[in-house]
Structure formats: C-alpha cells, structure tokens
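Structure record follows, encoded as structure tokens.
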Amino acid sequence: MTDKKKKLLLIDGNSVAFRAFFAMYQQLDKFKNPEGLHTNAIFAFKNMLDVVLKQEEPSHILVAFDAGKVTFRTKMYGEYKGGRDKTPAELSEQLPYIKEMLQDMGIATYELPDYEADDIIGTMAKRGADDGFDVAVVTGDRDLTQLASEHVTVYVTKSGVTKLEAYTPEHMQEVNGVTPTEFIDMKALMGDASDNYPGVTKVGPKTASRLIQKYHTVENLYEHVDEMKKSKLKENLLNDKDKALLGKKLAAIKCDSPVSLTMEQVAYQGASVADLRRFYEKMNFRRFLSDMAENGDFAGKEAEGKQLDFVKLEKAAVASLPEAKEIGFYLEIFGENYHLAPFAGFALKIGQQIWVSRDVDLLKEKRLRGFLENKTIVKNVFDLKRTTYGLHRLGIEAQGIGYDMLLASYLVDNENNSNDLGEVVHQYGDYDVKSDLDVYGKGKAAAIPDDDAVFFNHLAGKVAAIDQLKASLLKQLKDHEQDDLFDAIEIPTARVLAKMELNGIKVEAKTLQALQKEYGDRLKELESKIYQEAGEEFNLNSPKQLGVILFEKLGLPVIKKTKTGYSTSVEVLNQLKDKSPVVSDILAYRQIAKIQSTYVNGLLDVIDPADGKIHTRYLQTLTATGRLSSVDPNLQNIPTRTEEGKQIRKAFVPSTPDGYIFSCDYSQVELRVLAHVSGDANMQEAFKTGYDIHAHTAMKIFHLSKIDEVTPLERRRAKAVNFGIVYGISDYGLSKNLGISRKQAKSFIESYFDQYPGIQAYMDQAVKEAREKGYAETIMHRRRYLPDIHAKNFNVRSFAERTAINSPIQGSAADIMKIAMINMQKKLDELGLKTKMVVQVHDELIFDVPKEELETIKQIVPEVMQKAVSLDVPLLADSGWGHNWYDAK
DNA sequence: AGGGTCACG
DNA sequence: ACGTACGTGACCCTA
C-alpha cells in the first residue's frame, strides 16, 4: 500500500440492485435457481461488480444499503419517497442473496437505521477523501453526483448496469452547468418527483440550473430575490420558499452520519472461493463458475482437491460389501484408448461409503461381479462405453448402467465438453476433484501416482462427483426436454457402440500388403518421373519444397497463397495441369501417397493380431451436431470416391467363411429431414412421389416441364444446390463448387427459393429462433448453443447463422441414425442372429453377416432403418452386399 | 503444436 | 462491403 494508491469503492446497493433487476427484467423467468428464486438482479449485480472491480482495482470496498423505510428525511417530511410503487417481490427476495454474495466475495456491507445508503456513502466518501483515498462511487441514482470532487468520482449506471457514466466536477458542469455542491441547490429548487418532494412551482432543470449558476445557493438566491424584476417566476419563488429550503435539506446528502465503520473494516478481503462457489451453485450461475475456473481462481488450496473418506478395499472384504440397489462405479483405465490401455484401479460408492483399489481383479470376485452384471442394480458411471468395454476386457459383462455423467454433460453443453471427469466437474462448479492432467501429468511423463493417498483420493473424488452432480445434470436435461434423448437415445447408443467396437471388422492383411506393393511401385515411378521433370530431387511430401519447385523454379502462376506460402492444393494444381506435365504427376503421386500412408500402412498397423480385426473407437461426445466420430483408426473416411482408393475396401471382409459384408445407407437423409422440418410442400411432394430429388430440383429451378428433360449437367448443378442449401448456402460457395459465375449461382439460388418457398422460410426461422433462444435444436431436442449469433463481426455472425441452419439438419439425421442403430441391435438380439453390426458411417451401417443370415438381413435392416422415426416424408434406405466392403454396393 | 493437405458423410 | 459452404480424423512437414 506504500506506493500503490489507496482506492475506496462505495456502492449504493439498493439503487444498483434496482437497476440490475430492471436491466434484466425480460430475463426474469429464465433466471431462476432450482428452488424457484429469481436471480436476475443477483446475476446483473455480479456483472456490474466484475466490471467495476476490474476497472477500479479498489483496495477497500463498501456496499451500503437502506436500512428501512423510516429515515430522518421521512421524519422531517412525511411525504418523502411517498407514493412510490412497492418494490416488486421478485426483487426484494433477491436482496438478502446479494448481501450473501457480497460477503462471500469478501466485500463489506453496511446499513444504518434512520439513514439512507446515500448518507452512508457520502460520509464514507468524505472520510476516504480526507484520508487520502481515491474514491469511486457507483450508483443507479443521480442524487449521489453531488459528491463528485477532485478525489471522488461518481459512476451512474447507464442502460443496463455494466455501462457507467463518470461524474467528475467537470462532467457535472457539462451536464448541469453547476458544480456538484450547487447540484444540491439546483435539486432543492426543482424538487424530485421520484423522492416525492415538490420544489418551486414551475421550476425545472433548465430554470434551476440558470438560477443556481447566477446565485450559487438557495440561501443566496433568496437574499437577492427582491432584486429580481417582477415575474411569474419571482412570484413562485417567493410563494414556495419553504419548499425550496425543505428541498435543500432533503436533497443534501449527509456527510457526517454516525457510521460506525473504520477504513480497516471495509478493506477488500478478496473472495472466499469455496463460499462463492457454493453460492453460485445454489444460484445455478454456471457462467460465473466456469469463469472462476478459467481465471485460475481455484489455484492453490481449493485446487488441491478435497480429502475424502474412503476405504482401501481388500480382497477379504469384498464378500461383505453391503447390499445396494444403486451404486457409483468408476473404472480407471490409464490412457485414452481403453481398448488397449492398462487398468489402474477402480472406485465404488455405496450409500456414503467409498471403496478404492488398484487391483481390478477384485472386480471378478463374486460379490463385485454380481453388482456389475446384475441389471437391476443401477450403476452410475462416467463414460458407459469405456466402462463397459473395460469390464469386458476383464471378463465382466456389465448390465444396468443407467446413468452416464459424460453423456449427460455432453447433452447439456456439447461446446465445452471434455472426456476428463475432473474437467467436466469443474465446469459445473465443483472443485473437489482435480483433472487427470493435474494428477497424472501429460505426455511421456504421465503416470499413475505411486502414492496411495494421492491416487485413491483422486479415484474417490471421481466416484463421489458422479453422484454429487447427478441430480443437477438430470434436472437440466429435464428442463431442456432432453430426458428422452438421454435415456432412450444416448445411453442405449453407448451400449450399442460398445458392442460394435468389441465386434470389430475383419481386415485381411494380405490384401493390403498386395496394394502396398502395387502402390509402392507406382509411387517410385512417379517420384523419379517428377524429379526428372523438375530437374532436381526434393521432398515431394513437403508443400513448402514443392511450392519452390512449381512457382519459383518452373515459374508457374501463383493461384492461391496460404498463411505460410504458396498453396499447392488439388484445387490449385488442377488449374495448373495444362501448364506443365509435372503437375498431373504430382496430383497422381499425392493421391497414391495419401492412400498408401493413411490407409494401406495405417490400417496394417492397427489390425489386432489376436483376431485379425480392426476395432475402432467411436467418440460419442465430441461433435457439435450429435454425429459420432471414429478414431484409432477412423473407419468413417475409408476411400470410396476414386477407384485406387476404393481398393482399400476389398480388405474389409466378413469374419465367417463365405459370409457377407452388408451395407445399408439412408438415401438423402438430410434433405428428407429438411423437407420435414421446413414443411415445404414441393419438396415433400417430391419425396412422397419418390422422384430423384436432384433431378426434381433441376426440373424446378431450370423450369423444365418434365423430369426426364433434365440433362446430366443440370442434375449435377441441382445436386450442388441441394447440398449447399443444407450447409447454409452462399452464392460464392456455390459458384466455387460448380465453377460457375457468382451471378449465375445467385440466380440458381433465387430460383430454388422460388420453387421451394418453405425452405427459405425455414432458413429465416432457424436463424431467428437461434437468436431468440441462443441455441439451435434437433427433432430430438439435442441442442447446439450459438453465442456467436449475436456477434458484431459479420463473418463470425454469418458462420453462426449457417450453423443455425445446418445443425438441426445434420443433428436430426444423427438422431435418426442412433435410433436406427438401437432398434437394429435389439432386433438382432431378439432374433438371436449371429450377424454383427460393425461400422457406422453417419448415414450408413455395415454388417458382418454369416452366409445363412443374408436373406434375413436383407429384409430387416432397411426396414428397421426406414422405420426409425416417422417424418412427414418417407425415409428410404438402400442395401448392398458382397464378400467384402468393396463389393457391398 | 500447428498448418497444409486430403480422406469421408 | 464484409469472405464464405456443414461435420469430422490422419498423415506429413516444419517450427
């Protein structure tokens, strides 16, 4: 405090709360905590505090409140503040909580019987200024501006609560033409309607200001009133002299009230992180909680995690574990890839008791296995699929996992989602569990701690957190109408996916090895040819070196640049093809090299030697739209567009002799979803009639009378428009895609909206709704939050708008596929079939079918997929089969 | 670790 | 006028 200026911040609690309440009045119904308490004013109050704390960096703070209705002013003048509307109950219920929050934030509050908050502030401001403080006053009420001085700045909230107008003596002069002290006299003359005292008849701000500029005080004015020439004003002044003098007493803030506070008592303590966290939890203020986490407010003591009570489970004690209907269970597998990563331990919670162990073999003991395999004992976990797969590796077939915290948190907010339990928990304001990163470390150095106390406490914290957050996550799901999405879609999907991952798909190494040889030879040939054409050897895989060769040595025109240099993408190279023969060879090399490294070599590396199969992992909680993704390896991007690439599919084969790979994919599912959600009659009609939708679109937008008049070019263009629509079309994007002029693209789009008017309406509605609600939603109520929809930046906002259009379409299609998968697995089980569902590629399902089941599968798969949901247009699924994935088309 | 490129729906 | 299609993952090179 020696060289840093002392800064005292004084806040008028009542007036700021009042402003805060009305600033967020429209949000009144949205801001309620689980107990039904309104929280809008508390929330806005906190926002204001954040802004002011950051701006002022005070060393001392006091928030003053009015003590009650009766004050020395009401005693002086019975009508003072009379006739005011009663404070709304929705606001008064919040005041005690604002005080509680302030206490948690380490900020002093004070009220004084008989005095208003203003007088407390005036008194403290004077004391502060006398003690050498810089003083900042924050209020929602202009009365306090009379305190402005060299050392006191008064901030009045403007339009909302976080914008502040700074009243210095200079600003006061600009606004009212008087000094802050003279402002009291000015008010005395003009009165105050909201405080219900009259002032002099017919004197408003203009006249009052003029008079005070001339006479400076009310008293002086009356000493010279006789000198004024006869006028209505003079008459009024004389008649209302009592009122003016009373007004001055009422308007003047008392700077010598008996405030029993020392400066030390208002020193800013800083927040009690734990208390504040509990408060935010109670208020359901998730944003502040995550802000705290991001700011590292939990660094230090809080982040150490809580010490929990737990018991190390010994083998001998397993048999006597208590009975339970519901248990919390956490299996620690050390590493992302739970197919292969080593087990590290587990934690079990029954009632309030927690057991932990490093020895996962204990799970195979009768009692524990009984818990895990009994479907009537509900298990609460974090990551159902991971847990199920891990237990399977131990020979335990999990049943009855009914709640998955990971899936729940993904549905509630798929934006800030994490697979790390600690991270998830932090987002919900609980800091009793550390993140795995904090406990295990990262990269090569990552390890399970040897120290039992550390490791077990972490495990115990995890299993405790699953229980602790369950109610609030389920409540949020319910509030979002997502209970069905959770119980009937995501949880069962996780079970199906676990099965699919376990099934795996058989991949023949010898087929890939043959390709490896073939492509290796071709790459060698291309390589030497390119070196010859370029006149030197270089690293063909380096875009940088390639750029130098093409654009500097060979002098080809630069078509596009990247951040780091010349672009050498296909798009660019295609345009340079006829300029130099080397370009085509480079394109050919690139294509083969990609297939060779990513698919031939990549897949050979991940065939499980134990069963000759590839077991991908599906990520169920990653995408923003609700789609799955596939990793280690990605089986959702196996080549299909080029013949060379497609060869890879020949290596994917059935696991039984003479069996089949059966493939079934939805036809135009996203456009069908669009037809459904938009309600566009023309598009619905097209699907109901069973037209080729792209040809139909071509007929419509090119104004042909019959669908068979459509040329292949027209169909291709119409197809691009259809895709574009789903993505939130722009003329530029379409023109680039089709290689046509922007103008032409624009006319296609206009024609499209003309022919399918419901689509245009849908797009407008989607954007409007996203703006109002802050999120876009699928047919199954999956949400995607779009905060950028309000962005000032055009690009950022436009992106959010396209997302608002696309997400419900892509996401609903994903919902439909998940339902189909659940129904499909159920059907396979019911019929006792040996056929296995092995791969999902967004709109396509792949099955490993024994020979004798092919006929059944041909019947049931398309049917189940088509009946997954009932839309206003039919769903159509096309099947194909063969002795490998290549032939299954 | 991040960018460029390219594989898929 | 803005600068642009939506959603992913893996490989390679270069820092």
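The way I read the labels, and the way they are meant: chains A, B, ... in the order of the structure tokens, residue 1 as the first residue of every chain, and ligand 1 as the first ligand shown, with later ones counted on from there.
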Hey, list the chain B side of the contact with chain A: 7 Å cut-off, only C-alpha atoms (C1' of nucleotides), answer as a ChimeraX atom specification.
/B:5,7-9
Would you return as a PyMOL selection string the members of segment 536-601 of chain A that DSSP assigns to helix (DSSP H, G or I) on this structure's backbone?
chain A and resi 543-553+570-576+581-601
Export C-alpha atoms of the chosen residues as a PDB file, in the first residue's frame?
ATOM      1  CA  PRO A 543       4.285 -28.475 -49.642  1.00  0.00           C
ATOM      2  CA  LYS A 544       6.961 -25.887 -48.966  1.00  0.00           C
ATOM      3  CA  GLN A 545       9.610 -27.509 -51.158  1.00  0.00           C
ATOM      4  CA  LEU A 546       7.033 -28.341 -53.794  1.00  0.00           C
ATOM      5  CA  GLY A 547       5.955 -24.716 -53.857  1.00  0.00           C
ATOM      6  CA  VAL A 548       9.506 -23.579 -54.536  1.00  0.00           C
ATOM      7  CA  ILE A 549       9.810 -26.016 -57.445  1.00  0.00           C
ATOM      8  CA  LEU A 550       6.470 -25.156 -59.032  1.00  0.00           C
ATOM      9  CA  PHE A 551       6.276 -21.429 -58.539  1.00  0.00           C
ATOM     10  CA  GLU A 552       9.898 -20.352 -58.451  1.00  0.00           C
ATOM     11  CA  LYS A 553      11.894 -22.845 -60.464  1.00  0.00           C
ATOM     12  CA  VAL A 570      -5.672 -30.092 -55.574  1.00  0.00           C
ATOM     13  CA  GLU A 571      -7.778 -27.094 -56.397  1.00  0.00           C
ATOM     14  CA  VAL A 572      -4.693 -25.120 -57.395  1.00  0.00           C
ATOM     15  CA  LEU A 573      -2.908 -27.983 -59.128  1.00  0.00           C
ATOM     16  CA  ASN A 574      -5.964 -28.798 -61.228  1.00  0.00           C
ATOM     17  CA  GLN A 575      -5.829 -25.319 -62.669  1.00  0.00           C
ATOM     18  CA  LEU A 576      -2.132 -25.721 -63.493  1.00  0.00           C
ATOM     19  CA  PRO A 581       3.218 -32.091 -67.329  1.00  0.00           C
ATOM     20  CA  VAL A 582       4.740 -32.389 -63.872  1.00  0.00           C
ATOM     21  CA  VAL A 583       1.522 -31.150 -62.284  1.00  0.00           C
ATOM     22  CA  SER A 584      -0.548 -34.184 -63.241  1.00  0.00           C
ATOM     23  CA  ASP A 585       2.178 -36.454 -61.964  1.00  0.00           C
ATOM     24  CA  ILE A 586       2.252 -34.607 -58.679  1.00  0.00           C
ATOM     25  CA  LEU A 587      -1.519 -34.966 -58.390  1.00  0.00           C
ATOM     26  CA  ALA A 588      -1.254 -38.676 -59.088  1.00  0.00           C
ATOM     27  CA  TYR A 589       1.584 -39.025 -56.584  1.00  0.00           C
ATOM     28  CA  ARG A 590      -0.353 -37.146 -53.917  1.00  0.00           C
ATOM     29  CA  GLN A 591      -3.396 -39.333 -54.351  1.00  0.00           C
ATOM     30  CA  ILE A 592      -1.494 -42.592 -54.165  1.00  0.00           C
ATOM     31  CA  ALA A 593       0.737 -41.385 -51.342  1.00  0.00           C
ATOM     32  CA  LYS A 594      -2.310 -40.491 -49.286  1.00  0.00           C
ATOM     33  CA  ILE A 595      -3.860 -43.901 -49.815  1.00  0.00           C
ATOM     34  CA  GLN A 596      -0.610 -45.659 -49.119  1.00  0.00           C
ATOM     35  CA  SER A 597       0.277 -43.863 -45.894  1.00  0.00           C
ATOM     36  CA  THR A 598      -3.104 -43.329 -44.310  1.00  0.00           C
ATOM     37  CA  TYR A 599      -4.954 -46.413 -45.414  1.00  0.00           C
ATOM     38  CA  VAL A 600      -2.636 -49.198 -46.540  1.00  0.00           C
ATOM     39  CA  ASN A 601       0.099 -48.631 -43.964  1.00  0.00           C
TER      40      ASN A 601
END
Which is closest to chain C among A:Met101, A:Ala761, A:Ile729, A:Leu53, if we use only C-alpha atoms (C1' of nucleotides)?
A:Ile729
Using only C-alpha atoms (C1' of nucleotides), I'd like every residue of chain A that has an atom within 9 Å of chain C; please write them out as an MDAnalysis selection string.
chainID A and resid 541:544 594 597:598 602 623:625 627:631 633:634 636:637 723:734 737 793:795 798:799 802:803 806:807 810
Return the single residue from A:Gly390, A:Gly739, A:Pro712, A:Gly520 that is closest to Pro342 of chain A, with distances computed using only C-alpha atoms.
A:Gly390
Taking only segment 304-531 of chain A into account, list the residues labelled strand (DSSP E) by DSSP (computed from the backbone), as a PyMOL selection string.
chain A and resi 311-312+326-333+343-350+353-357+378-381+401-404+505-507
Got time to write the residues from that selection, N, CA, C and O atoms, as a CSV table (one decimal), in the first residue's frame?
chain,number,residue,atom,x,y,z
A,311,VAL,N,-12.1,-46.2,1.9
A,311,VAL,CA,-11.5,-47.4,2.4
A,311,VAL,C,-10.8,-48.1,1.3
A,311,VAL,O,-11.4,-48.3,0.2
A,312,LYS,N,-9.6,-48.5,1.5
A,312,LYS,CA,-9.0,-49.4,0.6
A,312,LYS,C,-9.6,-50.7,0.6
A,312,LYS,O,-9.6,-51.4,1.7
A,326,GLU,N,-28.4,-49.3,-5.9
A,326,GLU,CA,-27.8,-48.3,-6.8
A,326,GLU,C,-26.3,-48.1,-6.3
A,326,GLU,O,-26.1,-47.9,-5.1
A,327,ILE,N,-25.4,-48.1,-7.2
A,327,ILE,CA,-24.0,-47.9,-6.8
A,327,ILE,C,-23.3,-46.9,-7.8
A,327,ILE,O,-23.7,-46.8,-8.9
A,328,GLY,N,-22.3,-46.2,-7.2
A,328,GLY,CA,-21.5,-45.4,-8.1
A,328,GLY,C,-20.2,-46.2,-8.4
A,328,GLY,O,-19.7,-46.9,-7.6
A,329,PHE,N,-19.8,-46.2,-9.7
A,329,PHE,CA,-18.7,-47.0,-10.1
A,329,PHE,C,-17.8,-46.3,-11.0
A,329,PHE,O,-18.3,-45.6,-12.0
A,330,TYR,N,-16.5,-46.3,-10.8
A,330,TYR,CA,-15.6,-45.7,-11.7
A,330,TYR,C,-14.4,-46.6,-11.9
A,330,TYR,O,-13.7,-47.0,-11.0
A,331,LEU,N,-14.2,-47.0,-13.2
A,331,LEU,CA,-13.0,-47.8,-13.5
A,331,LEU,C,-12.0,-47.0,-14.2
A,331,LEU,O,-12.2,-46.3,-15.2
A,332,GLU,N,-10.8,-47.0,-13.6
A,332,GLU,CA,-9.7,-46.2,-14.2
A,332,GLU,C,-8.9,-47.0,-15.2
A,332,GLU,O,-8.3,-48.0,-14.8
A,333,ILE,N,-8.9,-46.6,-16.4
A,333,ILE,CA,-8.1,-47.2,-17.4
A,333,ILE,C,-7.1,-46.1,-17.8
A,333,ILE,O,-7.5,-45.0,-18.2
A,343,PHE,N,-5.1,-51.1,-17.0
A,343,PHE,CA,-6.0,-50.8,-15.9
A,343,PHE,C,-5.2,-50.2,-14.8
A,343,PHE,O,-4.1,-50.5,-14.5
A,344,ALA,N,-5.8,-49.2,-14.1
A,344,ALA,CA,-5.1,-48.6,-13.0
A,344,ALA,C,-5.8,-48.8,-11.6
A,344,ALA,O,-5.2,-48.7,-10.6
A,345,GLY,N,-7.1,-49.0,-11.6
A,345,GLY,CA,-7.8,-49.2,-10.4
A,345,GLY,C,-9.3,-48.9,-10.5
A,345,GLY,O,-9.8,-48.7,-11.7
A,346,PHE,N,-10.0,-48.9,-9.4
A,346,PHE,CA,-11.4,-48.6,-9.5
A,346,PHE,C,-11.9,-48.0,-8.2
A,346,PHE,O,-11.2,-48.1,-7.2
A,347,ALA,N,-13.1,-47.4,-8.2
A,347,ALA,CA,-13.7,-46.9,-7.0
A,347,ALA,C,-15.2,-47.2,-7.1
A,347,ALA,O,-15.8,-47.3,-8.1
A,348,LEU,N,-15.7,-47.5,-5.9
A,348,LEU,CA,-17.0,-47.9,-5.7
A,348,LEU,C,-17.7,-47.1,-4.6
A,348,LEU,O,-17.1,-46.9,-3.6
A,349,LYS,N,-18.9,-46.7,-4.9
A,349,LYS,CA,-19.6,-45.9,-3.8
A,349,LYS,C,-21.0,-46.5,-3.6
A,349,LYS,O,-21.8,-46.7,-4.5
A,350,ILE,N,-21.2,-46.9,-2.3
A,350,ILE,CA,-22.5,-47.5,-1.9
A,350,ILE,C,-22.9,-46.6,-0.8
A,350,ILE,O,-22.2,-46.5,0.2
A,353,GLN,N,-20.5,-44.5,1.5
A,353,GLN,CA,-19.2,-45.2,1.7
A,353,GLN,C,-18.5,-45.4,0.4
A,353,GLN,O,-19.1,-45.8,-0.6
A,354,ILE,N,-17.2,-45.1,0.4
A,354,ILE,CA,-16.4,-45.3,-0.9
A,354,ILE,C,-15.3,-46.3,-0.6
A,354,ILE,O,-14.6,-46.2,0.4
A,355,TRP,N,-15.2,-47.2,-1.6
A,355,TRP,CA,-14.0,-48.1,-1.5
A,355,TRP,C,-13.2,-47.9,-2.8
A,355,TRP,O,-13.7,-47.6,-3.9
A,356,VAL,N,-11.9,-48.1,-2.6
A,356,VAL,CA,-11.0,-47.9,-3.8
A,356,VAL,C,-10.0,-49.1,-3.8
A,356,VAL,O,-9.7,-49.7,-2.8
A,357,SER,N,-9.4,-49.3,-5.0
A,357,SER,CA,-8.4,-50.3,-5.1
A,357,SER,C,-7.6,-50.1,-6.4
A,357,SER,O,-8.1,-49.6,-7.4
A,378,VAL,N,-28.6,-50.5,-10.3
A,378,VAL,CA,-28.3,-49.4,-11.1
A,378,VAL,C,-26.9,-48.9,-10.9
A,378,VAL,O,-26.5,-48.7,-9.7
A,379,LYS,N,-26.1,-48.8,-11.9
A,379,LYS,CA,-24.8,-48.2,-11.8
A,379,LYS,C,-24.7,-46.8,-12.4
A,379,LYS,O,-25.2,-46.6,-13.5
A,380,ASN,N,-24.1,-45.9,-11.6
A,380,ASN,CA,-23.9,-44.6,-12.1
A,380,ASN,C,-22.4,-44.5,-12.4
A,380,ASN,O,-21.5,-44.7,-11.6
A,381,VAL,N,-22.1,-44.1,-13.7
A,381,VAL,CA,-20.7,-44.1,-14.1
A,381,VAL,C,-20.4,-42.8,-14.9
A,381,VAL,O,-21.3,-42.0,-15.1
A,401,ILE,N,-26.1,-50.3,-16.3
A,401,ILE,CA,-25.5,-49.0,-16.2
A,401,ILE,C,-26.6,-48.0,-16.7
A,401,ILE,O,-26.9,-48.0,-17.9
A,402,GLY,N,-27.1,-47.2,-15.8
A,402,GLY,CA,-28.3,-46.4,-16.1
A,402,GLY,C,-28.0,-45.0,-16.2
A,402,GLY,O,-28.9,-44.2,-16.7
A,403,TYR,N,-26.9,-44.5,-15.8
A,403,TYR,CA,-26.6,-43.1,-15.8
A,403,TYR,C,-25.1,-42.9,-16.2
A,403,TYR,O,-24.2,-43.6,-15.6
A,404,ASP,N,-24.9,-42.0,-17.1
A,404,ASP,CA,-23.5,-41.7,-17.5
A,404,ASP,C,-23.3,-40.2,-17.5
A,404,ASP,O,-23.9,-39.5,-18.2
A,505,ILE,N,-14.1,-55.2,-37.2
A,505,ILE,CA,-14.4,-55.7,-38.5
A,505,ILE,C,-13.1,-56.4,-39.0
A,505,ILE,O,-12.0,-55.8,-38.8
A,506,LYS,N,-13.3,-57.5,-39.6
A,506,LYS,CA,-12.1,-58.3,-40.1
A,506,LYS,C,-11.5,-57.6,-41.3
A,506,LYS,O,-12.1,-57.1,-42.2
A,507,VAL,N,-10.2,-57.4,-41.2
A,507,VAL,CA,-9.4,-56.8,-42.3
A,507,VAL,C,-8.3,-57.7,-42.7
A,507,VAL,O,-7.5,-58.2,-41.9
Which residue gives the smallest distance to Arg19 of chain A among A:His224, A:Lys818, A:Lys46, A:Lys158, with only C-alpha atoms counted?
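The closest residue to Arg19 of chain A is A:Lys158.
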Test item: residues at most 7 Å from Gln866 of chain A, only C-alpha atoms (C1' of nucleotides), excluding those fewer than 4 positions along its chain, as a list of chain:residue names
A:Pro862, A:Leu875, A:Leu876, A:Ala877
